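One file, run38.txt, carrying compact mmCIF, C-alpha atoms (C1' of nucleotides):
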```txt
# COMPACT_ATOMS: atom_id res chain seq x y z
CA MET A 1 5.33 -4.55 -9.63
CA LYS A 2 6.28 -5.09 -6.02
CA SER A 3 4.46 -3.30 -3.24
CA LEU A 4 5.84 -0.27 -1.55
CA GLU A 5 6.07 -2.11 1.74
CA GLU A 6 8.38 -4.70 0.29
CA LEU A 7 10.46 -2.04 -1.30
CA ILE A 8 11.10 -0.06 1.83
CA THR A 9 11.15 -2.72 4.50
CA LEU A 10 13.26 -5.41 2.98
CA ASN A 11 16.48 -3.54 3.05
CA GLU A 12 17.52 -1.18 5.79
CA ASN A 13 20.16 0.45 3.69
CA LEU A 14 17.63 1.23 1.05
CA ARG A 15 15.35 2.82 3.60
CA LYS A 16 17.90 5.48 4.32
CA VAL A 17 17.67 6.89 0.84
CA VAL A 18 13.94 6.90 0.21
CA ILE A 19 11.92 10.01 0.98
CA ASN A 20 8.16 10.43 0.99
CA LYS A 21 6.86 13.54 -0.65
CA VAL A 22 3.57 15.12 -1.64
CA ILE A 23 3.64 17.01 -4.92
CA ALA A 24 0.92 19.22 -6.39
CA LYS A 25 -0.36 18.45 -9.86
CA LYS A 26 1.20 20.03 -12.92
CA THR A 27 4.58 20.20 -11.25
CA ILE A 28 7.59 19.41 -13.37
CA ILE A 29 9.89 17.53 -11.06
CA GLN A 30 12.64 16.72 -13.52
CA ARG A 31 13.90 18.22 -16.76
CA PRO A 32 16.25 17.15 -19.55
CA GLY A 33 19.79 18.06 -18.64
CA ASP A 34 19.32 17.50 -14.95
CA ILE A 35 22.40 15.79 -13.63
CA ILE A 36 20.88 14.33 -10.52
CA THR A 37 17.95 12.25 -11.67
CA LYS A 38 15.82 10.23 -9.28
CA GLY A 39 13.36 7.40 -9.34
CA TYR A 40 9.76 7.96 -8.27
CA TYR A 41 7.51 5.30 -6.86
CA VAL A 42 3.90 6.48 -7.08
CA LYS A 43 1.87 5.82 -3.91
CA LYS A 44 -1.02 7.98 -5.01
CA GLY A 45 -1.74 10.14 -8.02
CA LEU A 46 -0.35 10.10 -11.53
CA LEU A 47 2.98 10.99 -13.06
CA ARG A 48 4.14 11.18 -16.65
CA SER A 49 7.49 11.21 -18.41
CA TYR A 50 7.87 12.78 -21.84
CA PHE A 51 10.35 14.30 -24.23
CA ILE A 52 10.20 17.16 -26.71
CA ASP A 53 11.84 16.98 -30.13
CA GLU A 54 13.60 19.78 -32.03
CA LYS A 55 10.32 20.92 -33.54
CA GLY A 56 8.79 21.32 -30.11
CA LYS A 57 6.53 18.31 -30.50
CA GLU A 58 5.82 16.41 -27.32
CA TYR A 59 5.96 12.62 -26.91
CA THR A 60 4.68 10.86 -23.82
CA PHE A 61 7.02 8.13 -22.81
CA LEU A 62 5.29 6.58 -19.82
CA PHE A 63 2.29 7.09 -17.56
CA ALA A 64 2.79 6.04 -13.94
CA PRO A 65 -0.37 5.66 -11.87
CA GLU A 66 -0.48 4.16 -8.39
CA ASP A 67 2.19 1.52 -7.66
CA TRP A 68 4.23 2.28 -10.74
CA MET A 69 7.82 3.43 -10.90
CA ILE A 70 8.92 6.21 -13.17
CA SER A 71 12.41 7.50 -13.84
CA ASP A 72 14.90 8.39 -16.52
CA ILE A 73 16.55 5.12 -15.81
CA GLU A 74 19.73 5.23 -17.87
CA SER A 75 20.52 8.69 -16.58
CA SER A 76 19.95 7.53 -13.02
CA ILE A 77 22.32 4.66 -13.24
CA TYR A 78 24.94 5.97 -15.60
CA ASN A 79 24.93 9.36 -13.90
CA THR A 80 24.52 11.22 -17.17
CA PRO A 81 22.25 14.21 -17.87
CA GLY A 82 18.61 13.25 -18.18
CA THR A 83 16.68 13.28 -21.44
CA LEU A 84 13.11 13.21 -20.15
CA PHE A 85 10.71 15.52 -18.42
CA ILE A 86 8.87 14.03 -15.47
CA GLU A 87 5.75 15.80 -14.19
CA THR A 88 2.73 15.21 -11.99
CA LEU A 89 -0.65 15.12 -13.73
CA GLU A 90 -2.56 14.89 -10.43
CA ASP A 91 -1.77 15.75 -6.83
CA SER A 92 0.51 12.88 -5.96
CA GLU A 93 2.31 11.15 -3.15
CA VAL A 94 5.59 9.67 -4.24
CA VAL A 95 8.55 7.91 -2.76
CA ILE A 96 11.71 9.43 -4.11
CA ILE A 97 14.47 6.94 -4.65
CA ASP A 98 17.91 8.41 -4.74
CA ARG A 99 20.66 7.24 -7.00
CA LYS A 100 22.28 5.77 -3.92
CA ALA A 101 19.61 3.10 -4.04
CA PHE A 102 20.90 2.10 -7.42
CA GLN A 103 24.45 2.15 -6.21
CA GLU A 104 23.34 -0.26 -3.50
CA MET A 105 22.59 -2.67 -6.27
CA GLN A 106 26.07 -2.64 -7.61
CA SER A 107 28.24 -3.86 -4.81
CA ASN A 108 27.61 -7.55 -4.56
CA SER A 109 29.07 -9.48 -7.43
CA LYS A 110 30.90 -8.73 -10.59
CA SER A 111 29.00 -11.13 -12.80
CA LEU A 112 25.80 -9.62 -11.54
CA ASN A 113 26.95 -6.17 -12.48
CA ILE A 114 27.64 -7.41 -15.98
CA GLU A 115 24.15 -8.81 -16.26
CA LEU A 116 22.75 -5.56 -14.97
CA THR A 117 24.76 -3.59 -17.47
CA LYS A 118 23.43 -5.73 -20.27
CA LEU A 119 19.90 -5.23 -19.06
CA LEU A 120 20.41 -1.51 -18.84
CA ASN A 121 21.87 -1.37 -22.32
CA ARG A 122 18.81 -3.20 -23.48
CA VAL A 123 16.53 -0.71 -21.81
CA ALA A 124 18.48 2.17 -23.29
CA THR A 125 18.36 0.65 -26.77
CA LEU A 126 14.64 0.02 -26.54
CA GLN A 127 14.00 3.51 -25.22
CA LYS A 128 15.78 5.00 -28.20
CA ARG A 129 13.92 2.71 -30.53
CA VAL A 130 10.54 3.75 -29.13
CA ILE A 131 11.50 7.39 -29.47
CA MET A 132 12.64 6.83 -33.04
CA LEU A 133 9.46 5.00 -34.01
CA MET A 134 7.28 7.68 -32.49
CA SER A 135 9.03 10.81 -33.64
CA SER A 136 10.87 10.12 -36.88
CA SER A 137 9.91 9.64 -40.51
CA ALA A 138 11.04 6.62 -42.49
CA ILE A 139 13.88 8.64 -44.01
CA ASP A 140 15.14 9.82 -40.62
CA ARG A 141 14.95 6.33 -39.20
CA TYR A 142 16.97 5.00 -42.12
CA ASN A 143 19.60 7.71 -41.79
CA HIS A 144 19.86 7.05 -38.10
CA PHE A 145 20.28 3.35 -38.80
CA ILE A 146 23.17 3.79 -41.22
CA GLU A 147 24.87 6.12 -38.78
CA THR A 148 24.44 3.74 -35.89
CA TYR A 149 25.17 0.46 -37.69
CA PRO A 150 27.25 1.35 -40.75
CA GLN A 151 28.58 -2.17 -41.15
CA LEU A 152 25.21 -3.86 -41.16
CA ILE A 153 23.96 -2.35 -44.42
CA HIS A 154 26.31 -4.58 -46.36
CA ARG A 155 25.75 -7.68 -44.26
CA VAL A 156 21.99 -7.69 -43.94
CA PRO A 157 19.39 -8.10 -46.70
CA LYS A 158 17.61 -4.81 -47.25
CA LYS A 159 14.21 -6.32 -46.65
CA MET A 160 15.31 -7.15 -43.10
CA ILE A 161 16.56 -3.65 -42.52
CA ALA A 162 13.18 -2.42 -43.70
CA SER A 163 11.47 -4.76 -41.25
CA TYR A 164 13.69 -3.40 -38.48
CA LEU A 165 12.82 0.18 -39.36
CA GLY A 166 9.12 -0.61 -39.49
CA ILE A 167 8.71 0.12 -43.22
CA THR A 168 8.29 -1.99 -46.35
CA GLN A 169 11.18 -3.02 -48.55
CA GLU A 170 9.68 -0.98 -51.41
CA THR A 171 9.69 2.18 -49.31
CA LEU A 172 13.27 1.54 -48.23
CA SER A 173 14.30 1.03 -51.82
CA LYS A 174 12.74 4.34 -52.85
CA ILE A 175 14.39 6.15 -49.96
CA ARG A 176 17.77 4.77 -50.95
CA SER A 177 17.43 5.74 -54.61
CA LYS A 178 16.46 9.28 -53.61
CA GLN A 179 19.52 9.56 -51.37
CA LEU A 180 21.82 8.65 -54.25
CA LYS A 181 20.52 11.51 -56.35
CA ASN A 182 21.88 14.04 -53.84
CA MET B 1 28.75 -4.12 -23.91
CA LYS B 2 31.32 -6.03 -21.86
CA SER B 3 33.87 -8.24 -23.54
CA LEU B 4 33.49 -11.97 -23.71
CA GLU B 5 36.53 -12.48 -21.54
CA GLU B 6 35.06 -10.52 -18.70
CA LEU B 7 31.84 -12.39 -19.04
CA ILE B 8 33.30 -15.85 -18.73
CA THR B 9 36.22 -15.31 -16.39
CA LEU B 10 34.77 -13.18 -13.67
CA ASN B 11 32.51 -15.78 -12.21
CA GLU B 12 33.28 -19.45 -11.99
CA ASN B 13 29.68 -20.40 -11.49
CA LEU B 14 28.74 -18.61 -14.62
CA ARG B 15 31.43 -20.44 -16.54
CA LYS B 16 29.77 -23.76 -15.86
CA VAL B 17 26.71 -22.83 -17.85
CA VAL B 18 28.18 -21.24 -20.95
CA ILE B 19 28.80 -23.32 -24.07
CA ASN B 20 30.64 -22.34 -27.22
CA LYS B 21 29.02 -23.33 -30.47
CA VAL B 22 29.47 -22.83 -34.21
CA ILE B 23 26.23 -22.44 -36.15
CA ALA B 24 25.81 -22.34 -39.93
CA LYS B 25 24.04 -19.38 -41.48
CA LYS B 26 20.28 -19.39 -42.03
CA THR B 27 19.74 -21.63 -39.04
CA ILE B 28 16.76 -20.90 -36.84
CA ILE B 29 17.98 -21.60 -33.33
CA GLN B 30 14.89 -20.56 -31.44
CA ARG B 31 11.18 -20.31 -32.21
CA PRO B 32 8.13 -18.76 -30.55
CA GLY B 33 6.67 -21.18 -28.06
CA ASP B 34 10.00 -22.67 -27.08
CA ILE B 35 9.96 -23.18 -23.34
CA ILE B 36 13.69 -23.27 -22.80
CA THR B 37 15.02 -20.05 -24.25
CA LYS B 38 18.67 -19.13 -24.08
CA GLY B 39 20.88 -16.11 -24.39
CA TYR B 40 23.41 -15.88 -27.21
CA TYR B 41 26.59 -13.88 -27.06
CA VAL B 42 27.94 -13.40 -30.58
CA LYS B 43 31.71 -13.96 -30.88
CA LYS B 44 31.66 -13.98 -34.66
CA GLY B 45 28.97 -13.67 -37.30
CA LEU B 46 25.52 -12.16 -37.18
CA LEU B 47 22.26 -13.13 -35.53
CA ARG B 48 18.78 -11.68 -35.75
CA SER B 49 15.64 -11.88 -33.66
CA TYR B 50 12.24 -11.28 -35.22
CA PHE B 51 8.57 -11.95 -34.81
CA ILE B 52 5.74 -12.65 -37.24
CA ASP B 53 2.28 -11.18 -36.81
CA GLU B 54 -1.10 -12.82 -37.55
CA LYS B 55 -0.93 -11.69 -41.17
CA GLY B 56 2.42 -13.38 -41.62
CA LYS B 57 4.32 -10.13 -41.78
CA GLU B 58 7.83 -10.24 -40.37
CA TYR B 59 9.34 -7.66 -38.00
CA THR B 60 13.02 -7.62 -37.14
CA PHE B 61 13.48 -6.96 -33.48
CA LEU B 62 17.25 -6.85 -33.13
CA PHE B 63 20.42 -7.45 -35.11
CA ALA B 64 23.33 -8.85 -33.11
CA PRO B 65 26.74 -8.62 -34.78
CA GLU B 66 30.03 -9.39 -33.02
CA ASP B 67 30.07 -8.74 -29.25
CA TRP B 68 26.32 -8.31 -28.96
CA MET B 69 23.92 -10.32 -26.88
CA ILE B 70 20.63 -11.54 -28.24
CA SER B 71 17.83 -13.35 -26.45
CA ASP B 72 14.13 -13.38 -25.76
CA ILE B 73 14.93 -11.91 -22.43
CA GLU B 74 11.61 -11.94 -20.60
CA SER B 75 11.03 -15.53 -21.59
CA SER B 76 14.49 -16.47 -20.37
CA ILE B 77 14.01 -15.00 -16.97
CA TYR B 78 10.36 -15.61 -16.32
CA ASN B 79 10.57 -19.09 -17.78
CA THR B 80 7.63 -18.52 -20.08
CA PRO B 81 7.27 -19.57 -23.74
CA GLY B 82 9.28 -17.42 -26.11
CA THR B 83 7.75 -14.96 -28.55
CA LEU B 84 10.65 -14.38 -30.92
CA PHE B 85 12.49 -16.24 -33.61
CA ILE B 86 16.26 -16.13 -33.36
CA GLU B 87 18.31 -17.09 -36.43
CA THR B 88 21.81 -16.83 -37.82
CA LEU B 89 22.27 -14.61 -40.87
CA GLU B 90 25.92 -15.60 -41.30
CA ASP B 91 28.03 -18.54 -40.17
CA SER B 92 28.46 -17.66 -36.53
CA GLU B 93 30.28 -18.55 -33.34
CA VAL B 94 28.20 -17.96 -30.28
CA VAL B 95 28.36 -18.49 -26.57
CA ILE B 96 25.14 -19.99 -25.34
CA ILE B 97 24.11 -18.76 -21.95
CA ASP B 98 21.72 -20.98 -20.09
CA ARG B 99 18.89 -19.79 -17.92
CA LYS B 100 20.93 -20.98 -14.97
CA ALA B 101 23.13 -17.97 -15.52
CA PHE B 102 20.15 -15.78 -14.89
CA GLN B 103 19.19 -17.73 -11.83
CA GLU B 104 22.69 -17.09 -10.54
CA MET B 105 21.76 -13.46 -10.54
CA GLN B 106 18.86 -13.90 -8.25
CA SER B 107 20.22 -15.29 -5.03
CA ASN B 108 22.06 -12.47 -3.38
CA SER B 109 19.76 -9.85 -1.97
CA LYS B 110 16.07 -9.24 -1.83
CA SER B 111 16.21 -5.55 -2.59
CA LEU B 112 18.34 -6.36 -5.57
CA ASN B 113 15.79 -8.80 -6.87
CA ILE B 114 13.17 -6.10 -6.64
CA GLU B 115 15.31 -3.76 -8.68
CA LEU B 116 15.91 -6.49 -11.22
CA THR B 117 12.22 -7.23 -11.47
CA LYS B 118 11.49 -3.61 -12.10
CA LEU B 119 14.13 -3.48 -14.80
CA LEU B 120 12.74 -6.59 -16.43
CA ASN B 121 9.23 -5.23 -16.37
CA ARG B 122 10.58 -2.16 -18.03
CA VAL B 123 12.23 -4.19 -20.75
CA ALA B 124 9.06 -6.19 -21.28
CA THR B 125 6.93 -3.07 -21.50
CA LEU B 126 9.29 -1.43 -23.95
CA GLN B 127 9.47 -4.57 -26.08
CA LYS B 128 5.71 -4.63 -26.37
CA ARG B 129 5.68 -0.96 -27.16
CA VAL B 130 8.18 -1.37 -29.98
CA ILE B 131 6.15 -4.23 -31.39
CA MET B 132 2.96 -2.19 -31.18
CA LEU B 133 4.52 0.82 -32.87
CA MET B 134 5.92 -1.30 -35.68
CA SER B 135 3.03 -3.59 -36.39
CA SER B 136 -0.22 -1.86 -35.45
CA SER B 137 -2.37 0.88 -36.91
CA ALA B 138 -3.44 3.89 -34.85
CA ILE B 139 -6.81 2.26 -34.18
CA ASP B 140 -5.26 -0.97 -32.94
CA ARG B 141 -2.84 0.92 -30.74
CA TYR B 142 -5.68 2.89 -29.21
CA ASN B 143 -7.77 -0.21 -28.57
CA HIS B 144 -4.81 -1.90 -26.98
CA PHE B 145 -4.28 1.13 -24.79
CA ILE B 146 -7.82 1.21 -23.43
CA GLU B 147 -7.64 -2.51 -22.72
CA THR B 148 -4.33 -2.20 -20.94
CA TYR B 149 -4.97 1.02 -19.03
CA PRO B 150 -8.75 1.39 -18.76
CA GLN B 151 -8.53 3.83 -15.86
CA LEU B 152 -6.18 6.23 -17.55
CA ILE B 153 -8.55 7.38 -20.28
CA HIS B 154 -10.52 9.37 -17.75
CA ARG B 155 -7.54 10.70 -15.86
CA VAL B 156 -5.27 11.78 -18.69
CA PRO B 157 -5.86 14.55 -21.26
CA LYS B 158 -6.51 12.98 -24.65
CA LYS B 159 -3.71 14.89 -26.29
CA MET B 160 -1.26 13.15 -23.98
CA ILE B 161 -2.73 9.76 -24.81
CA ALA B 162 -2.28 10.64 -28.47
CA SER B 163 1.32 11.57 -27.81
CA TYR B 164 1.82 8.24 -26.06
CA LEU B 165 0.34 6.33 -28.99
CA GLY B 166 2.46 8.24 -31.48
CA ILE B 167 -0.45 9.93 -33.25
CA THR B 168 -1.90 13.46 -33.30
CA GLN B 169 -4.75 14.51 -31.07
CA GLU B 170 -6.91 15.11 -34.15
CA THR B 171 -6.44 11.55 -35.32
CA LEU B 172 -7.25 10.21 -31.86
CA SER B 173 -10.38 12.32 -31.77
CA LYS B 174 -11.54 10.93 -35.11
CA ILE B 175 -10.81 7.37 -34.03
CA ARG B 176 -12.87 7.86 -30.90
CA SER B 177 -15.87 9.33 -32.70
CA LYS B 178 -15.85 6.43 -35.15
CA GLN B 179 -15.84 3.94 -32.29
CA LEU B 180 -18.95 5.51 -30.77
CA LYS B 181 -20.92 4.99 -33.97
CA ASN B 182 -20.58 1.22 -33.59
C1' DC C 1 -17.13 36.95 -16.67
C1' DG C 2 -13.71 36.10 -20.49
C1' DT C 3 -9.72 33.91 -22.07
C1' DG C 4 -6.94 30.20 -23.44
C1' DG C 5 -6.31 25.44 -23.73
C1' DA C 6 -8.66 20.97 -24.90
C1' DG C 7 -11.31 18.64 -27.92
C1' DT C 8 -13.84 18.08 -32.26
C1' DT C 9 -14.70 18.27 -37.16
C1' DG C 10 -13.71 19.04 -42.05
C1' DA C 11 -10.76 19.79 -46.19
C1' DA C 12 -6.51 19.38 -48.32
C1' DT C 13 -2.15 17.16 -48.31
C1' DA C 14 1.68 13.94 -47.66
C1' DC C 15 3.65 9.76 -46.60
C1' DG C 16 4.00 5.10 -46.78
C1' DA C 17 1.55 0.65 -48.10
C1' DT C 18 -0.08 -2.20 -51.52
C1' DC C 19 -0.13 -4.20 -55.95
C1' DA C 20 2.15 -5.30 -60.05
C1' DA C 21 5.84 -5.78 -63.31
C1' DC C 22 10.46 -6.50 -64.16
C1' DA C 23 15.76 -6.66 -63.74
C1' DC C 24 19.33 -8.93 -61.50
C1' DC C 25 21.88 -11.98 -59.45
C1' DG C 26 23.30 -16.50 -56.87
C1' DG C 27 22.67 -20.96 -56.18
C1' DT C 28 21.26 -25.63 -57.81
C1' DG C 29 20.60 -29.40 -60.62
C1' DG C 30 20.89 -31.29 -65.08
C1' DC D 1 29.55 -25.55 -66.98
C1' DC D 2 25.58 -23.51 -68.14
C1' DA D 3 20.60 -22.84 -67.83
C1' DC D 4 17.08 -22.21 -65.03
C1' DC D 5 14.67 -20.84 -61.08
C1' DG D 6 13.47 -18.31 -56.97
C1' DG D 7 14.30 -14.74 -54.15
C1' DT D 8 16.03 -9.90 -53.65
C1' DG D 9 15.72 -5.47 -54.99
C1' DT D 10 13.87 -1.76 -57.93
C1' DT D 11 10.38 1.15 -60.06
C1' DG D 12 5.77 2.93 -61.13
C1' DA D 13 0.71 3.56 -60.30
C1' DT D 14 -2.76 3.62 -57.12
C1' DC D 15 -4.80 3.58 -52.62
C1' DG D 16 -5.40 4.40 -47.71
C1' DT D 17 -4.12 6.21 -43.39
C1' DA D 18 -2.60 9.75 -40.69
C1' DT D 19 -0.89 14.69 -40.74
C1' DT D 20 -1.49 19.37 -41.29
C1' DC D 21 -4.10 23.43 -41.29
C1' DA D 22 -8.10 25.79 -40.07
C1' DA D 23 -12.34 26.89 -37.83
C1' DC D 24 -15.27 26.34 -34.11
C1' DT D 25 -17.23 24.73 -29.36
C1' DC D 26 -16.82 24.06 -24.71
C1' DC D 27 -15.34 24.33 -20.30
C1' DA D 28 -12.07 25.17 -16.46
C1' DC D 29 -9.68 28.45 -14.29
C1' DG D 30 -7.94 32.84 -13.17
```
Can you turn what I pasted into structure tokens?
Amino acid sequence: MKSLEELITLNENLRKVVINKVIAKKTIIQRPGDIITKGYYVKKGLLRSYFIDEKGKEYTFLFAPEDWMISDIESSIYNTPGTLFIETLEDSEVVIIDRKAFQEMQSNSKSLNIELTKLLNRVATLQKRVIMLMSSSAIDRYNHFIETYPQLIHRVPKKMIASYLGITQETLSKIRSKQLKN
Amino acid sequence: MKSLEELITLNENLRKVVINKVIAKKTIIQRPGDIITKGYYVKKGLLRSYFIDEKGKEYTFLFAPEDWMISDIESSIYNTPGTLFIETLEDSEVVIIDRKAFQEMQSNSKSLNIELTKLLNRVATLQKRVIMLMSSSAIDRYNHFIETYPQLIHRVPKKMIASYLGITQETLSKIRSKQLKN
DNA sequence: CGTGGAGTTGAATACGATCAACACCGGTGG
DNA sequence: CCACCGGTGTTGATCGTATTCAACTCCACG
């Protein structure tokens, strides 16, 4: 991870949109549904992002100690409502990076934007996958899979689908036979 | 995901490094340890990336049907040996994207490179997290955590560590008390 | 102080893995 | 063209790991 100095000195335009801030511990600085999400570079202290499922269970997504970045990255860039909480666990000093900093990224070249978009899609996909693996049962993961990739069930051997879902082919087979009974 | 046409027409430099290729099904086109890894844009057919753990167990990382990209992305960009297998599941037509295409990305602005690096770190972290969640027991995940973030154990409430590892705080507590006995 | 959250421990339970046996093809060679 | 073989998928029995529920301790904080 690059140093703060690099981040704020290398580009004058970027400097305009970063703000230093001290935040007391146990402060929630961003909530799901927030439209304007920001990035936080941690100079000192400790931040955490997490989400809460329908049952109220809490899942930590990332810890960000000194020199880490934390943000609800897809929301920041795609300008959609956030899905994560972000809070301070300790008294912290952070550099707040506005969405404008991301927009800065997007002006130079078209092919670059395409690569960025691919990268971001990747991040989004992986984020969802982590959330699924942490919060869902085998049955829920399977149901989510057939909703998301309905075509693939017929094109891919079931044992590979099982290995994608993180379960054994036997378990997948039993799940499928139970579903048919309903 | 952007269309193939956009990808290859928008940038002439990029065009120089993409190659169309037809590959028969059940062909392994990339293996762990390969130094030169490539990106594959799927025009037709179906590809899969996967890894195999020490016990020989196989974990599917991504399916890539038509219009998807698949690659061992960190390896491509950081020029390090790959960690994933990539194979065709069906007869496929792909566009091979050379690492040069990625290097194209990296010339324009310094602040942009920093953003890209952050994104890539994020992807790498998430990839490892997915692999951990799929292939490791609670104990292994905990041990990996204390190796990777030794400072955090003392700064973060254990229940949050549990929620990061995808286990309950009770299970984490039992794991920890067992470790002390050894 | 004293109260509530964090952490621990134990018992009962549930979920998925493992092991094993077998049915069902799909492809290959005779 | 058919018979065989190997791999995929299914099903059942058993086992192990992690969850759930509950009770209790210990601080930290108000």
Within 8 Å of chain C, which residues of chain A show up? Give each one with its shortest atom-to-atom distance in Å (one decimal) and the two atoms involved, counting all atoms listed in the file, rows by chain then rising residue number, as a Markdown table.
```
| residue | atom | partner | partner_atom | distance |
| --- | --- | --- | --- | --- |
| A:Ile167 | CA | C:DG16 | C1' | 7.7 |
| A:Thr168 | CA | C:DA17 | C1' | 7.4 |
| A:Thr171 | CA | C:DG16 | C1' | 6.9 |
```
Between CA of Arg176 in chain B and C1' of DC24 in chain D, measure the distance and give it in Å to one decimal.
-> 18.9 Å
Range 165-182 of chain B, all listed atoms, 8 Å padding on each side: what axis-aligned box centre and edge lengths in Å to one decimal come out, as JSON?
```
{"center_x": -9.2, "center_y": 8.2, "center_z": -32.2, "size_x": 39.4, "size_y": 29.9, "size_z": 22.3}
```
Selection near Asp72 in chain B, 9 Å with all atoms listed in the file, sequence-local residues under 4 positions removed, as a PyMOL selection string | chain B and resi 37-39+49+76-77+82-86
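Near chain A, the residues of chain D that fall inside 9 Å (using all atoms listed in the file) are DT8, DG9, DT10 and DT11 of chain D.
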From A:Thr60, A:Ser71, A:Ser136, A:Thr117, residue lying nearest chain B [only C-alpha atoms] =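 Nearest to chain B: A:Thr60.
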Given the choices B:Leu180, B:Leu46, B:Ile28, B:Val95, which gets closest to chain A if the distance is worked out from all atoms listed in the file?
->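 Using all atoms listed in the file, chain A sits closest to B:Leu46.
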Please measure the separation of CA of Val130 in chain A and CA of Val130 in chain B, giving the value in Å to one decimal.
->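 About the pair CA of Val130 in chain A and CA of Val130 in chain B: they are 5.7 Å apart.
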Could you work out how far CA of Ile139 in chain A lies from CA of Ile131 in chain B, giving the answer in Å with one decimal?
->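 Computing the Euclidean distance for CA of Ile131 in chain B and CA of Ile139 in chain A yields 19.6 Å.
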Of the candidates B:Leu172, B:Ile153, B:Ala138, B:Leu133, which one gets nearest to chain A if we count all atoms listed in the file?
->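 That would be B:Leu133, the residue with the smallest distance to chain A.
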Counting only C-alpha atoms, the residue among B:Ile96, B:Ile114, B:Ile70, B:Val156 that lies closest to Tyr50 in chain B is B:Ile70
